[in-house]
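Take a look at the structure set out below.
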Amino acid sequence: MIPLSSYLIVSAVLFAIGTAGVFLRRNLITILLSVEIMLNAVNLTFVAFGRYRGDVDGQIITFFVMTVAAAEAAVGLALIIALFRHRESLNPDAFTSLKW
Amino acid sequence: MPEVVTFYLLAGIAVVASALVIGQRNPMYSVMFLIVAFAALAGLYIQLDAPFVAVAQIIIYAGAIMVLFLFVVMLLNAPQEDGAEWDRTHPLRRAGIGRFGAMLAGVLILELAYALMKVNGLGAAVGSQANATTVSSVREMGKVLFSRHAFAFEATSVLILVAMVGAVVLARREGES
(Lines give C-alpha, C1' and ligand atoms only; values in the text may rest on other atoms or scores of the structure.)
Protein backbone atom coordinates (compact mmCIF):
# COMPACT_ATOMS: atom_id res chain seq x y z
CA MET A 1 0.00 0.00 0.00
CA ILE A 2 1.04 3.58 -0.57
CA PRO A 3 1.81 5.57 2.59
CA LEU A 4 0.07 8.88 3.20
CA SER A 5 3.38 10.71 3.07
CA SER A 6 3.80 9.77 -0.61
CA TYR A 7 0.63 11.60 -1.53
CA LEU A 8 1.64 14.57 0.61
CA ILE A 9 5.05 14.74 -1.07
CA VAL A 10 3.49 14.66 -4.54
CA SER A 11 1.19 17.44 -3.39
CA ALA A 12 4.13 19.44 -2.02
CA VAL A 13 6.04 19.07 -5.30
CA LEU A 14 3.01 20.23 -7.31
CA PHE A 15 2.53 23.19 -4.96
CA ALA A 16 6.20 24.18 -5.31
CA ILE A 17 5.92 23.96 -9.10
CA GLY A 18 2.88 26.22 -8.97
CA THR A 19 4.69 28.70 -6.72
CA ALA A 20 7.69 28.73 -9.04
CA GLY A 21 5.37 29.35 -11.98
CA VAL A 22 3.75 32.36 -10.30
CA PHE A 23 7.14 33.89 -9.61
CA LEU A 24 9.05 32.95 -12.76
CA ARG A 25 6.56 33.35 -15.59
CA ARG A 26 5.89 36.71 -17.18
CA ASN A 27 2.53 35.94 -18.76
CA LEU A 28 -0.72 36.59 -16.91
CA ILE A 29 -2.43 33.48 -18.32
CA THR A 30 0.45 31.20 -17.27
CA ILE A 31 0.39 32.78 -13.81
CA LEU A 32 -3.32 31.94 -13.47
CA LEU A 33 -2.57 28.38 -14.64
CA SER A 34 0.10 28.13 -11.92
CA VAL A 35 -2.49 29.16 -9.33
CA GLU A 36 -4.70 26.34 -10.61
CA ILE A 37 -1.80 23.90 -10.12
CA MET A 38 -1.45 25.09 -6.52
CA LEU A 39 -5.19 24.67 -5.86
CA ASN A 40 -5.02 21.14 -7.27
CA ALA A 41 -2.07 20.27 -5.06
CA VAL A 42 -4.13 21.29 -2.04
CA ASN A 43 -7.08 19.24 -3.34
CA LEU A 44 -4.87 16.16 -3.45
CA THR A 45 -3.90 16.77 0.18
CA PHE A 46 -7.55 17.07 1.23
CA VAL A 47 -8.61 13.87 -0.54
CA ALA A 48 -5.61 11.92 0.79
CA PHE A 49 -6.26 13.03 4.38
CA GLY A 50 -9.97 12.34 3.99
CA ARG A 51 -9.24 8.80 2.84
CA TYR A 52 -6.74 8.43 5.68
CA ARG A 53 -9.37 9.46 8.24
CA GLY A 54 -12.02 7.36 6.53
CA ASP A 55 -14.68 10.05 6.14
CA VAL A 56 -16.02 12.11 3.26
CA ASP A 57 -15.22 15.59 4.64
CA GLY A 58 -12.01 15.82 2.64
CA GLN A 59 -13.84 15.22 -0.62
CA ILE A 60 -16.49 17.81 0.28
CA ILE A 61 -13.87 20.48 0.93
CA THR A 62 -12.41 19.54 -2.45
CA PHE A 63 -15.71 20.45 -4.08
CA PHE A 64 -15.67 23.85 -2.42
CA VAL A 65 -12.10 24.39 -3.60
CA MET A 66 -13.17 23.48 -7.14
CA THR A 67 -16.01 26.01 -6.95
CA VAL A 68 -13.63 28.70 -5.76
CA ALA A 69 -11.22 27.77 -8.55
CA ALA A 70 -13.97 28.12 -11.13
CA ALA A 71 -14.99 31.52 -9.76
CA GLU A 72 -11.35 32.59 -9.63
CA ALA A 73 -10.81 31.53 -13.24
CA ALA A 74 -13.90 33.41 -14.43
CA VAL A 75 -13.01 36.65 -12.63
CA GLY A 76 -9.30 36.32 -13.40
CA LEU A 77 -9.85 35.79 -17.11
CA ALA A 78 -12.29 38.71 -17.21
CA LEU A 79 -9.58 40.84 -15.59
CA ILE A 80 -7.03 39.61 -18.13
CA ILE A 81 -9.34 40.51 -21.01
CA ALA A 82 -9.91 43.99 -19.55
CA LEU A 83 -6.16 44.49 -19.02
CA PHE A 84 -5.29 43.24 -22.50
CA ARG A 85 -7.78 45.69 -23.96
CA HIS A 86 -5.92 48.56 -22.28
CA ARG A 87 -2.30 47.68 -23.02
CA GLU A 88 -2.33 45.00 -25.76
CA SER A 89 0.00 42.98 -23.56
CA LEU A 90 -0.19 40.05 -21.16
CA ASN A 91 3.05 40.91 -19.42
CA PRO A 92 2.53 41.87 -15.76
CA ASP A 93 5.35 44.41 -16.08
CA ALA A 94 3.25 46.39 -18.55
CA PHE A 95 0.81 47.26 -15.77
CA THR A 96 2.91 49.34 -13.42
CA SER A 97 0.96 52.61 -13.55
CA LEU A 98 0.31 52.43 -9.80
CA LYS A 99 3.96 51.79 -9.00
CA TRP A 100 5.54 54.60 -7.04
CA MET B 1 2.25 -4.37 -6.68
CA PRO B 2 0.12 -2.90 -9.47
CA GLU B 3 -1.21 -0.07 -7.31
CA VAL B 4 2.26 1.13 -6.38
CA VAL B 5 3.23 1.16 -10.05
CA THR B 6 0.02 3.04 -10.87
CA PHE B 7 0.67 5.57 -8.14
CA TYR B 8 4.20 6.33 -9.28
CA LEU B 9 3.12 6.45 -12.93
CA LEU B 10 0.26 8.89 -12.25
CA ALA B 11 2.29 11.00 -9.81
CA GLY B 12 5.14 11.17 -12.33
CA ILE B 13 2.81 12.24 -15.13
CA ALA B 14 1.24 14.90 -12.90
CA VAL B 15 4.59 16.34 -11.79
CA VAL B 16 6.20 16.27 -15.25
CA ALA B 17 3.13 17.79 -16.94
CA SER B 18 2.94 20.52 -14.29
CA ALA B 19 6.62 21.29 -14.76
CA LEU B 20 6.05 21.53 -18.51
CA VAL B 21 3.13 23.92 -17.90
CA ILE B 22 5.49 26.51 -16.44
CA GLY B 23 8.26 25.59 -18.89
CA GLN B 24 6.37 26.60 -22.01
CA ARG B 25 6.63 29.91 -23.84
CA ASN B 26 3.31 29.38 -25.61
CA PRO B 27 0.28 29.55 -23.27
CA MET B 28 -1.64 27.21 -25.58
CA TYR B 29 0.76 24.35 -24.84
CA SER B 30 0.65 25.26 -21.13
CA VAL B 31 -3.11 24.76 -21.08
CA MET B 32 -2.80 21.42 -22.90
CA PHE B 33 -0.19 20.13 -20.44
CA LEU B 34 -2.33 21.28 -17.52
CA ILE B 35 -5.19 19.15 -18.85
CA VAL B 36 -2.79 16.17 -18.85
CA ALA B 37 -1.81 16.95 -15.25
CA PHE B 38 -5.46 17.16 -14.20
CA ALA B 39 -6.22 13.81 -15.83
CA ALA B 40 -3.33 12.21 -13.90
CA LEU B 41 -4.62 13.78 -10.67
CA ALA B 42 -8.06 12.34 -11.41
CA GLY B 43 -6.40 8.93 -11.61
CA LEU B 44 -4.86 9.52 -8.17
CA TYR B 45 -8.31 10.42 -6.80
CA ILE B 46 -9.70 7.13 -8.14
CA GLN B 47 -6.87 5.35 -6.37
CA LEU B 48 -7.84 7.18 -3.17
CA ASP B 49 -11.39 5.74 -3.42
CA ALA B 50 -12.86 9.09 -4.45
CA PRO B 51 -14.37 8.34 -7.87
CA PHE B 52 -16.89 11.18 -7.66
CA VAL B 53 -14.13 13.73 -7.05
CA ALA B 54 -12.24 12.24 -10.00
CA VAL B 55 -15.25 12.65 -12.29
CA ALA B 56 -15.84 16.19 -11.01
CA GLN B 57 -12.14 16.93 -11.60
CA ILE B 58 -12.44 15.85 -15.23
CA ILE B 59 -15.76 17.59 -15.87
CA ILE B 60 -15.15 20.84 -13.98
CA TYR B 61 -11.40 21.33 -14.36
CA ALA B 62 -10.45 19.64 -17.61
CA GLY B 63 -13.85 20.34 -19.11
CA ALA B 64 -15.07 23.74 -17.98
CA ILE B 65 -12.16 25.72 -16.57
CA MET B 66 -9.57 24.65 -19.13
CA VAL B 67 -11.96 25.31 -22.02
CA LEU B 68 -12.47 28.78 -20.57
CA PHE B 69 -8.68 29.26 -20.50
CA LEU B 70 -8.31 27.94 -24.05
CA PHE B 71 -11.08 30.26 -25.17
CA VAL B 72 -9.32 33.30 -23.70
CA VAL B 73 -5.92 32.22 -25.11
CA MET B 74 -7.44 31.98 -28.56
CA LEU B 75 -9.49 35.16 -28.15
CA LEU B 76 -6.43 37.23 -27.20
CA ASN B 77 -4.37 35.51 -29.90
CA ALA B 78 -1.90 34.59 -27.16
CA PRO B 79 1.12 36.80 -27.62
CA GLN B 80 4.28 34.87 -26.85
CA GLU B 81 6.35 35.97 -23.93
CA ASP B 82 9.46 38.09 -24.42
CA GLY B 83 8.01 39.97 -27.33
CA ALA B 84 9.16 43.48 -26.55
CA GLU B 85 12.72 44.74 -26.29
CA TRP B 86 12.18 46.27 -22.87
CA ASP B 87 10.95 42.90 -21.67
CA ARG B 88 13.99 41.02 -22.94
CA THR B 89 16.25 43.44 -21.08
CA HIS B 90 14.15 43.31 -17.91
CA PRO B 91 16.28 42.64 -14.81
CA LEU B 92 14.18 39.56 -13.94
CA ARG B 93 15.02 38.08 -17.35
CA ARG B 94 18.67 37.56 -16.51
CA ALA B 95 19.61 33.88 -16.42
CA GLY B 96 21.17 34.03 -12.96
CA ILE B 97 18.00 35.30 -11.33
CA GLY B 98 15.88 32.70 -13.09
CA ARG B 99 18.17 29.97 -11.85
CA PHE B 100 18.03 31.44 -8.33
CA GLY B 101 14.23 31.29 -8.43
CA ALA B 102 14.27 27.67 -9.63
CA MET B 103 16.71 26.86 -6.82
CA LEU B 104 14.38 28.47 -4.28
CA ALA B 105 11.52 26.30 -5.57
CA GLY B 106 13.76 23.23 -5.18
CA VAL B 107 14.58 24.26 -1.61
CA LEU B 108 10.84 24.63 -0.92
CA ILE B 109 10.21 21.09 -2.18
CA LEU B 110 13.06 19.64 -0.09
CA GLU B 111 11.93 21.52 2.99
CA LEU B 112 8.32 20.34 2.67
CA ALA B 113 9.45 16.75 2.05
CA TYR B 114 11.79 16.90 5.06
CA ALA B 115 9.01 18.27 7.27
CA LEU B 116 6.66 15.52 6.08
CA MET B 117 9.28 12.87 6.83
CA LYS B 118 9.62 14.20 10.38
CA VAL B 119 5.90 14.01 11.19
CA ASN B 120 4.98 10.83 13.01
CA GLY B 121 2.20 8.59 11.83
CA LEU B 122 2.26 9.57 8.18
CA GLY B 123 3.97 6.34 7.20
CA ALA B 124 0.74 4.38 7.61
CA ALA B 125 -0.79 3.17 4.38
CA VAL B 126 -3.72 5.11 3.01
CA GLY B 127 -6.81 2.98 2.64
CA SER B 128 -6.22 0.54 5.47
CA GLN B 129 -8.22 2.62 7.97
CA ALA B 130 -11.85 2.34 6.85
CA ASN B 131 -13.73 0.29 4.35
CA ALA B 132 -13.70 1.89 0.94
CA THR B 133 -17.47 1.77 0.49
CA THR B 134 -18.13 4.51 3.07
CA VAL B 135 -15.62 6.90 1.58
CA SER B 136 -16.47 6.34 -2.06
CA SER B 137 -20.24 6.46 -1.51
CA VAL B 138 -21.86 9.43 -3.23
CA ARG B 139 -24.92 8.92 -1.06
CA GLU B 140 -22.88 9.39 2.10
CA MET B 141 -21.21 12.45 0.60
CA GLY B 142 -24.56 14.04 -0.28
CA LYS B 143 -25.88 13.44 3.23
CA VAL B 144 -22.91 15.16 4.84
CA LEU B 145 -22.84 17.97 2.26
CA PHE B 146 -26.47 18.94 2.76
CA SER B 147 -26.53 18.54 6.55
CA ARG B 148 -23.25 19.44 8.20
CA HIS B 149 -21.95 21.66 5.39
CA ALA B 150 -25.27 23.22 4.34
CA PHE B 151 -24.17 26.75 5.21
CA ALA B 152 -20.96 26.46 3.20
CA PHE B 153 -23.00 25.10 0.31
CA GLU B 154 -25.32 28.10 0.36
CA ALA B 155 -22.39 30.49 0.72
CA THR B 156 -20.92 28.88 -2.40
CA SER B 157 -24.01 29.78 -4.39
CA VAL B 158 -23.56 33.43 -3.36
CA LEU B 159 -19.89 33.20 -4.35
CA ILE B 160 -20.80 31.93 -7.81
CA LEU B 161 -23.36 34.71 -8.26
CA VAL B 162 -20.77 37.33 -7.26
CA ALA B 163 -18.18 35.80 -9.60
CA MET B 164 -20.69 35.79 -12.46
CA VAL B 165 -21.65 39.44 -11.98
CA GLY B 166 -18.01 40.39 -11.46
CA ALA B 167 -16.88 38.68 -14.65
CA VAL B 168 -19.60 40.41 -16.68
CA VAL B 169 -18.80 43.82 -15.19
CA LEU B 170 -15.02 43.44 -15.63
CA ALA B 171 -15.09 42.13 -19.18
CA ARG B 172 -17.61 44.71 -20.38
CA ARG B 173 -16.22 47.34 -22.69
CA GLU B 174 -15.93 50.73 -21.04
CA GLY B 175 -18.41 53.38 -22.09
CA GLU B 176 -21.25 50.96 -22.67
CA SER B 177 -24.28 51.48 -20.50
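Ordering of the C-alpha coordinates sets the chain letters (A, B, ...), residue numbers begin anew at 1 in every chain, and ligands are numbered from 1 in the order given.
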
Legend entry - Expected answer as a PyMOL selection string: chain A residues within 6 Å of chain B, only C-alpha atoms: chain A and resi 1-5+9+13+16+20-21+52+54-56+71+75+78+82

Inset, instruction - Would you list, as a PyMOL selection string, the residues of chain A that end up in helix (DSSP H, G or I) under DSSP run on this structure's backbone? - result: chain A and resi 4-24+28-53+57-87+92-94

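The space separating atom CA of Thr45 of chain A from atom CA of Ser6 of chain A comes to 10.4 Å.
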
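Taking atom CA of Leu28 of chain A and atom CA of Met32 of chain B as endpoints, the distance between them is 16.4 Å.
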
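For the pair atom CA of Phe15 of chain A and atom CA of Asn40 of chain A, the separation is 8.2 Å.
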
Legend entry - Selection near Glu36 of chain A, 8 Å with only C-alpha atoms, sequence-local residues under 3 positions removed, as a PyMOL selection string: chain A and resi 18+32-33+39-40+69

Inset, instruction - For Phe95 of chain A, list every protein, DNA or RNA residue within 12 Å, evaluated using only C-alpha atoms, and leave out those in the same chain fewer than 3 positions away; present the list as an MDAnalysis selection string. - result: chainID A and resid 26:28 80 82:92 98:99
